[in-house]
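The structure appears right after this line, and notes come after that.
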Amino acid sequence: MKELLQVDNIKKSFEIKKRLFKSAIEICVIDGVSFKISKKQIFGLIGESGCGKTTIGRLVTKLIEPSSGKMFFNNKNISEMNKNETKEFRKKIGMIFQDPYESLNPRFTIINSVKEPLDIDGRMTKQEKFDCVKNIFKKIGLDTTEYFLNKYPHELSGGQRQRISIARSLIMKPKLIIADEPCSMLDVSIRSDIMNIILKFKQELEMSAIYITHDLSEAKYITDFVAVMYLGKIVETGQTQDIIDDPYHPYTKMLISAIPDIISKFKINISEKIPDPMNIPHGCAFHPRCPYAKEICKRIEPENVNVGEGHLVKCHLF
Amino acid sequence: MNALEINNLIMYYELFGGNKLMAINNISFSVEESKTTGIVGESGCGKSSIASTILKILPDNAKIINGNIYFKYGEIIKRSGKVDLLTLDKKTMQDIRWKGISMIFQGAMNVLNPVYRVGDQIIEIMRYKDNISKEEANEKLEDLCRIVNIDSSRMKDYPHQFSGGMKQKAIIAMALSTNPKLIIADEPTTALDLISQYNILEQIKKIQKKLNMSMIFISHNLFTVSNISDQVVVMYAGKIMESCEKKKLFENSLHPYSIALIKSCLSINDKKNKLYGIPGEPPNLVFPSSGCAFYPRCPYAKEICKKIEPEYKEIEKKHFVACWRYI
């Protein structure tokens, strides 16, 4: 089978207690999401904050369990893995977190942070580990002198820290990495470097990636396929170039016109109403903000419509 | 007429061990009345230091050794004509803050006090600065809510109940509450997602037109700055590299650093497949090299760039560049 990761109709809901002595409310954060990732493919997840992008990242890495639905990694069901299998599975995935200032242990020197996965694996000698770290630092464009390796995270700039988190996630040579907004906290000039590193390793290690972002212009540069999410559902999915050249869903259009750019492609009214995951609207979840909303959108939830090669849209307009 | 004029400003931070970090190195620029000046640059280039120097809210180890900051509206502190902010004492400076110049701080998440209600924090400033009664302040708060587009019933909430975009809007309301003449916006949209970023920028633009304020807009994103400003200042290593109208910056930027910055920006309309970072590291401001600060990363570096620092010169009207290529 070609697919590295297959996600099949997963749902995840959390319980929230709003008031003391009142029963908890269940809110559905991920509602029936399915996608596939093949080898050497970068898959982008795009959406506003609070739409469930990060939750998908956490579900795929088995940090939390889904309420229903199945996920397969190399044809193995992720939720049914036992302890040993989970350990093996975690070696094959890496994660890059959003905030490089918080994801590194401030009390570890950077070499200790990066080689910790190798320590846990326990198969390499001390010298091999050291060489391995040096090797990956060289590829990522970091200094490999002893002096630098023994620095602490607070001595480094944001770009260097993010590179170190990338080095740490790549040191086990994973088959899949999950990059959760790796560039959103960084300067524009460093951003491009980080993305180039991910692209380079995609070629070198033949790995796949899930790239989570809210910026479509980032997604355009790095991803092959994208899925646009809105309130826990995928509303549009397809090849990146298709979606950017020819977006169908009004929400995708809205995201594209929100990008600050010199020339705007098209203008669509960007509604201020912030979606509230506590009470998701009936019918199409997007209809209160949608400029083209019709009567049917308020009542019936739209189904996936195929509008081109692998380009699926969830909207009543098509 | 310029609302704010900065001339030859030099400021450094004294470090432990007697070293000096030159944060602002001989900077001059101006903000026209009811116009916006944008400042762009990488992190650590001194953008935020300029903002805190204007308001004089610097830490104790910061030393201003040269320069003037002329602020046009002397009448706020009962003086006629423009005043030099750097000559004012602590108490008069208090009157300038909020009434004359207010600031939208970076990182909305950390600016609001978590144990006070959001509305109370805005009212506190109005009552302290404008000497108005509680009722008047409450009325004004409702107006402000309308301007920045927040439901006024939410003003009784605590900061943790607000989303990131709403906190940012509350801070903008706070900055507007005392009708300042000049607003300094220090990265107001960083760390927000695109749609809230877009909404906040539109809001700021609208408010500025309505209330006729001048503004300094600081950001590291070239597109955000170009979206909102009339004049753009490009900073690098505590110095201004280029300053021009925003249209010129994209059509005819002259300094290699501005060109590299534009190249490294992602654009959705672009067909290019390769993205360029700027090679090398940002310079060390404690031990600066001689000559032009950008020469180690500059593709056009010549022998002279290493030795002598280029002059910051006006090449065309309102277009200043500091580069040996144009002298």
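Naming scheme: A, B, ... for chains in displayed order of the structure tokens; residues 1 onward per chain; ligands 1 onward as shown.
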
Residue set, stretch 31-208 of chain A restricted to alpha helix (DSSP H), as JSON, numbers by chain: {"A": [53, 54, 55, 56, 57, 58, 59, 60, 83, 84, 85, 86, 87, 88, 89, 90, 91, 110, 111, 112, 113, 114, 115, 116, 117, 118, 119, 120, 121, 126, 127, 128, 129, 130, 131, 132, 133, 134, 135, 136, 137, 138, 139, 140, 146, 147, 148, 149, 158, 159, 160, 161, 162, 163, 164, 165, 166, 167, 168, 169, 170, 188, 189, 190, 191, 192, 193, 194, 195, 196, 197, 198, 199, 200, 201, 202, 203, 204, 205]}

Compile a residue-level contact table for chain A against chain B at a cut-off of 8 Å, reporting for every qualifying residue the shortest atom pair and its distance in Å to one decimal, with only C-alpha atoms counted, rows ordered by chain and ascending number, as CSV.
residue,atom,partner,partner_atom,distance
A:Glu48,CA,B:Asp193,CA,6.1
A:Ser49,CA,B:Asp193,CA,6.4
A:Ser184,CA,B:Ala191,CA,6.8
A:Met185,CA,B:Ala191,CA,6.7
A:Asp187,CA,B:Glu42,CA,6.3
A:Val188,CA,B:Cys265,CA,6.4
A:Ser189,CA,B:Gly277,CA,5.4
A:Ile190,CA,B:Gly277,CA,6.5
A:Arg191,CA,B:Gly277,CA,7.7
A:Ser192,CA,B:Gly277,CA,5.4
A:Asp193,CA,B:Gly277,CA,5.6
A:Asn196,CA,B:Leu275,CA,7.8
A:His214,CA,B:Asp193,CA,6.3
A:Asp215,CA,B:Leu194,CA,6.8
A:Leu216,CA,B:Ile268,CA,7.5
A:Ser217,CA,B:Ile268,CA,4.9
A:Glu218,CA,B:Leu266,CA,6.9
A:Lys220,CA,B:Ile268,CA,7.1
A:Tyr221,CA,B:Asn273,CA,7.3
A:Ile244,CA,B:Ile268,CA,7.9
A:Leu255,CA,B:Ile195,CA,6.8
A:Ala258,CA,B:Tyr198,CA,5.6
A:Ile259,CA,B:Leu194,CA,6.5
A:Pro260,CA,B:Phe223,CA,5.4
A:Asp261,CA,B:Phe223,CA,5.4
A:Ile262,CA,B:Phe223,CA,6.8
A:Ile263,CA,B:Asn269,CA,7.8
A:Lys265,CA,B:Asn269,CA,7.6
A:Ile270,CA,B:Ile195,CA,7.6
A:Glu272,CA,B:Asn199,CA,7.0

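For the choices B:Leu254, B:Lys302, B:Ile171, B:Arg297, the atom-to-atom distance to B:Tyr326 is smallest for B:Leu254 when using only C-alpha atoms.
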
Shell around stretch 319-323 of chain B at 8 Å using only C-alpha atoms, local window under 2 positions removed, as a ChimeraX atom specification: /B:240-245,254-255,292,310-317,325-327

Grab the atom CA of A:Lys18 to atom CA of B:Gly119 distance for me, in Å with one decimal place.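 Answer for the atom CA of A:Lys18 to atom CA of B:Gly119 separation: 22.5 Å.
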
Just list as a list in words whatever in stretch 41-180 of chain A DSSP marks as strand (DSSP E or B).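 Filtering stretch 41-180 of chain A down to strand (DSSP E or B) leaves Ile42, Phe43, Gly44, Leu45, Ile46, Ser68, Gly69, Lys70, Met71, Phe72, Phe73, Lys76, Asn77, Ile93, Gly94, Met95, Ile96, Leu176, Ile177, Ile178, Ala179 and Asp180 of chain A.
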
Selection to disk with C-alpha atoms, as a PDB file, in the first residue's frame:
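Contents of result26.pdb, freshly written:
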ATOM      1  CA  ILE A  42       3.924  17.346   2.487  1.00  0.00           C
ATOM      2  CA  PHE A  43       0.370  17.799   3.538  1.00  0.00           C
ATOM      3  CA  GLY A  44      -0.783  21.196   4.764  1.00  0.00           C
ATOM      4  CA  LEU A  45      -3.500  21.839   7.310  1.00  0.00           C
ATOM      5  CA  ILE A  46      -4.779  25.382   7.154  1.00  0.00           C
ATOM      6  CA  SER A  68     -14.099   7.532  17.227  1.00  0.00           C
ATOM      7  CA  GLY A  69     -12.583   6.739  13.840  1.00  0.00           C
ATOM      8  CA  LYS A  70      -9.418   5.002  12.782  1.00  0.00           C
ATOM      9  CA  MET A  71      -5.913   6.026  11.862  1.00  0.00           C
ATOM     10  CA  PHE A  72      -3.441   3.808  10.074  1.00  0.00           C
ATOM     11  CA  PHE A  73       0.302   4.271   9.950  1.00  0.00           C
ATOM     12  CA  LYS A  76      -1.226  -0.470  11.407  1.00  0.00           C
ATOM     13  CA  ASN A  77      -4.046   0.938  13.465  1.00  0.00           C
ATOM     14  CA  ILE A  93       7.408  10.268  13.773  1.00  0.00           C
ATOM     15  CA  GLY A  94       8.855  13.585  14.806  1.00  0.00           C
ATOM     16  CA  MET A  95       7.185  16.715  15.999  1.00  0.00           C
ATOM     17  CA  ILE A  96       8.176  20.363  15.656  1.00  0.00           C
ATOM     18  CA  LEU A 176       6.724  11.450   9.145  1.00  0.00           C
ATOM     19  CA  ILE A 177       7.093  14.769  10.887  1.00  0.00           C
ATOM     20  CA  ILE A 178       4.371  16.981  12.208  1.00  0.00           C
ATOM     21  CA  ALA A 179       5.309  20.647  12.024  1.00  0.00           C
ATOM     22  CA  ASP A 180       2.900  22.698  14.074  1.00  0.00           C
TER      23      ASP A 180
END

In Å, how far is it from atom CA of B:Leu144 to atom CA of B:Ile132? 15.5 Å

Could you name the residues that touch B:Ile184 at 12 Å or less, counting only C-alpha atoms, but leaving out those on the same chain fewer than 2 positions away, as a PyMOL selection string? chain B and resi 4+31+36-39+47-55+97-98+100-106+172+175-176+180-182+186-188+204+208+213-219

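Taking only C-alpha atoms into account, B:Asp130 lies nearest to B:Ile76 out of the set B:Ile76, B:Ile207, B:Ile304, B:Val148.
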
What is the atom CA of A:Pro247 to atom CA of A:Ile300 distance in Å? 22.2 Å
